[in-house]
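*Asks:* Sharing a structure below in C-alpha cells format, with a few things to ask.
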Amino acid sequence: METIAVIDFETTGMTPSQGARATEIGAVLVRGGEIVGQYQSLMYSGVHIPPFIEQLTGISNAMLRDAPPAEQVMREVAAFTRGCPMVAHNAAFDRGFWLAERERAGCEPDLAQEFACTVLLSRRLNTEAPNHKLGTLASWFGLPNNGRAHRALADALTTAHLLVRLQDLVAQRYADQLQGRPVRHELLAALQRAPKTQLDRCVARAQASS
DNA sequence: TGCCAGGCCCTCTTTAGGGCCTT
C-alpha cells in the first residue's frame with residue numbers, strides 16, 4: 001500500500017533564493033487514510049530569525065541555539081521519507097526549501113518524490129470553501145486540532161488530515177471510475193494540474209493508464 | 001527613488017494584471 005509523506009517547513013522568509021533558511025520541519029506519513037508515522041525537529045543553520053517570524057511561529061533565536069544542525073536534520077528526515085511521494089500545503093513553497101536544504105545537507109536526489117499540493121487540490125475539489133488557507137480548511141472540514149498553528153508538526157498533521165479528506169472527496173465523487181481502488185498520489189498529482197472543467201476526464205484517463 | 005518570491009489561477013485575458021498561498 002502506498003505511503004505518502006506530508007511535510008511542512010517553518011523558515012526565516014519566503015524563499016531560499018533570497019537567503020531564507022528552514023528553522024523547523026515536520027513530516028507525517030499517511031498510509032491507507034491513517035497517520036502511521038511522524039517526525040519533527042528544529043534545525044540550526046546559523047541565520048537570524050526576524051522578529052516578525054519569531055512572533056508568527058513562536059520559534060526564537062534562543063530556541064535554535066540548542067537545535068541540531070540543519071544538515072543532520074535533513075539527512076534524518078530524508079531517510080524518514082525515502083521513496084515516498086510528497087504532499088504539502090502550497091507545495092511550491094515547501095518544495096523550494098526541501099530541495100535547497102537537502103542539497104546543502106548533501107542528500108542524494110530522490111526522483112520518486114513528486115509533490116502534490118493541497119491548495120491546488122482544494123481549489124479544484126472544494127470550490128465552496130471561502131478560501132484555501134490551511135486554517136480555514138481545517139475549520140471548514142472540522143479537522144482535529146493538532147496544536148499551535150505555524151509550528152511544523154502541527155501544520156503537517158493538519159495537512160495530512162486535509163489530504164485524507166480530499167482523497168475521500170475524490171473517492172466519493174468518482175466512485176464509478178475508481179470502483180473501490182485507492183486514490184493514489186499519482187491521481188492527485190494529475191488532478192491538481194487538470195483544468196477544472198476536465199476533472200472527470202482526468203480521472204478516467206488516470207484509471208485507464210493504471 | 002522604488003523595487004526587492006514564485007507558481008498558480010481567474011478574468012472586464014491572451015501583446016496583462018491582480019489575487020491567492022506559503023514564512
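Within each chain, counting starts at residue 1; across the C-alpha cells, chains are named A, B, ... in the order shown, with ligands numbered 1 upward in that order.
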For chain A, work out the contacting residues on chain B at 12 Å, counting only C-alpha atoms (C1' of nucleotides), and write them as a compact mmCIF listing (two decimals) with N, CA, C and O atoms (P, O5', C5', C4', C3', O3' and C1' of nucleotides), in the first residue's frame.
*Replies:*
# COMPACT_ATOMS: atom_id res chain seq x y z
P DC B 4 8.41 44.88 -6.36
O5' DC B 4 9.62 44.12 -5.65
C5' DC B 4 10.55 43.40 -6.46
C4' DC B 4 11.73 42.96 -5.63
C3' DC B 4 11.35 42.14 -4.40
O3' DC B 4 11.25 40.78 -4.74
C1' DC B 4 13.05 43.72 -3.88
P DA B 5 10.05 39.95 -4.04
O5' DA B 5 10.45 38.47 -4.45
C5' DA B 5 11.37 37.75 -3.66
C4' DA B 5 11.39 36.31 -4.12
C3' DA B 5 11.13 36.09 -5.60
O3' DA B 5 11.80 34.90 -5.96
C1' DA B 5 9.27 35.30 -4.32
P DG B 6 11.91 34.51 -7.49
O5' DG B 6 10.73 33.45 -7.68
C5' DG B 6 10.72 32.30 -6.86
C4' DG B 6 9.45 31.54 -7.11
C3' DG B 6 8.98 31.55 -8.57
O3' DG B 6 8.43 30.29 -8.83
C1' DG B 6 7.26 32.30 -7.22
P DG B 7 8.72 29.54 -10.17
O5' DG B 7 7.47 28.58 -10.29
C5' DG B 7 7.06 27.82 -9.18
C4' DG B 7 5.56 27.85 -9.07
C3' DG B 7 4.83 27.74 -10.42
O3' DG B 7 4.01 26.60 -10.39
C1' DG B 7 3.91 29.45 -9.08
P DC B 8 3.27 26.12 -11.68
O5' DC B 8 1.76 26.53 -11.41
C5' DC B 8 1.10 26.07 -10.23
C4' DC B 8 -0.08 26.95 -9.95
C3' DC B 8 -1.02 27.12 -11.14
O3' DC B 8 -2.13 26.24 -11.00
C1' DC B 8 -0.72 29.14 -9.88
P DC B 9 -3.24 26.19 -12.12
O5' DC B 9 -4.27 27.35 -11.73
C5' DC B 9 -4.87 27.35 -10.44
C4' DC B 9 -5.76 28.57 -10.32
C3' DC B 9 -6.71 28.73 -11.51
O3' DC B 9 -8.04 28.83 -11.04
C1' DC B 9 -5.48 30.74 -11.11
P DC B 10 -9.23 28.76 -12.07
O5' DC B 10 -9.66 30.29 -12.21
C5' DC B 10 -10.01 31.00 -11.03
C4' DC B 10 -10.24 32.46 -11.40
C3' DC B 10 -11.13 32.65 -12.64
O3' DC B 10 -12.18 33.54 -12.31
C1' DC B 10 -9.10 33.89 -12.84
P DG B 19 -5.46 42.99 -6.26
O5' DG B 19 -5.82 41.53 -5.77
C5' DG B 19 -7.00 40.89 -6.25
C4' DG B 19 -6.91 39.42 -5.92
C3' DG B 19 -6.40 39.12 -4.51
O3' DG B 19 -7.30 38.23 -3.88
C1' DG B 19 -5.15 37.90 -6.14
P DC B 20 -7.04 37.81 -2.35
O5' DC B 20 -6.43 36.35 -2.50
C5' DC B 20 -7.15 35.39 -3.26
C4' DC B 20 -6.34 34.10 -3.37
C3' DC B 20 -5.83 33.58 -2.03
O3' DC B 20 -6.08 32.19 -2.00
C1' DC B 20 -4.04 33.74 -3.57
P DC B 21 -6.38 31.47 -0.61
O5' DC B 21 -4.91 31.15 -0.08
C5' DC B 21 -4.40 29.83 -0.17
C4' DC B 21 -2.91 29.84 -0.05
C3' DC B 21 -2.34 30.25 1.30
O3' DC B 21 -2.29 29.11 2.15
C1' DC B 21 -0.97 30.91 -0.58
P DT B 22 -1.84 29.30 3.67
O5' DT B 22 -0.26 29.19 3.61
C5' DT B 22 0.37 27.95 3.28
C4' DT B 22 1.85 28.18 3.04
C3' DT B 22 2.54 28.96 4.14
O3' DT B 22 2.94 28.07 5.14
C1' DT B 22 3.22 29.73 1.96
P DT B 23 3.02 28.61 6.65
O5' DT B 23 4.34 29.47 6.71
C5' DT B 23 5.60 28.85 6.47
C4' DT B 23 6.75 29.83 6.65
C3' DT B 23 6.78 30.56 7.98
O3' DT B 23 7.45 29.77 8.93
C1' DT B 23 7.17 32.09 6.21
*Asks:* Write out as an mmCIF file with all heavy atoms, in the first residue's frame each polymer residue whose atoms come within 8 Å of Ala189 (chain A), counting only C-alpha atoms (C1' of nucleotides); drop sequence neighbours fewer than 6 positions from it.
*Replies:*
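Contents of result18.cif, as written:
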data_model
loop_
_atom_site.group_PDB
_atom_site.id
_atom_site.type_symbol
_atom_site.label_atom_id
_atom_site.label_comp_id
_atom_site.auth_asym_id
_atom_site.auth_seq_id
_atom_site.Cartn_x
_atom_site.Cartn_y
_atom_site.Cartn_z
ATOM 1 N N PHE A 115 5.780 16.102 -5.843
ATOM 2 C CA PHE A 115 4.938 16.797 -4.872
ATOM 3 C C PHE A 115 3.515 16.956 -5.388
ATOM 4 O O PHE A 115 3.303 17.300 -6.545
ATOM 5 C CB PHE A 115 5.505 18.197 -4.592
ATOM 6 C CG PHE A 115 6.538 18.221 -3.501
ATOM 7 C CD1 PHE A 115 7.817 17.747 -3.728
ATOM 8 C CD2 PHE A 115 6.227 18.689 -2.242
ATOM 9 C CE1 PHE A 115 8.779 17.757 -2.725
ATOM 10 C CE2 PHE A 115 7.168 18.704 -1.238
ATOM 11 C CZ PHE A 115 8.451 18.235 -1.481
ATOM 12 N N ALA A 116 2.552 16.732 -4.511
ATOM 13 C CA ALA A 116 1.176 17.158 -4.740
ATOM 14 C C ALA A 116 0.870 18.274 -3.744
ATOM 15 O O ALA A 116 1.482 18.357 -2.677
ATOM 16 C CB ALA A 116 0.203 15.998 -4.559
ATOM 17 N N CYS A 117 -0.080 19.132 -4.105
ATOM 18 C CA CYS A 117 -0.324 20.361 -3.350
ATOM 19 C C CYS A 117 -1.785 20.402 -2.891
ATOM 20 O O CYS A 117 -2.705 20.372 -3.724
ATOM 21 C CB CYS A 117 -0.007 21.564 -4.226
ATOM 22 S SG CYS A 117 -0.401 23.130 -3.437
#
*Asks:* Give me, as a list in words, all polymer residues having an atom no more than 10 Å from Ser60 (chain A), counting only C-alpha atoms (C1' of nucleotides) and skipping those fewer than 3 positions away in the same chain.
*Replies:*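 Once the adjacent positions are removed, what remains is Thr23, His48, Ile49, Pro50, Pro51, Ile53, Glu54, Gln55, Thr57, Met63, Leu64 and Arg65 of chain A.
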*Asks:* Record the distance separating CA of Gly83 (chain A) and CA of Asp110 (chain A), expressed in Å with one decimal.
*Replies:* 7.0 Å
*Asks:* What residues in region 86-137 of chain A get the DSSP label strand (DSSP E)? Please answer as a PyMOL selection string.
*Replies:* chain A and resi 86-88+115-117
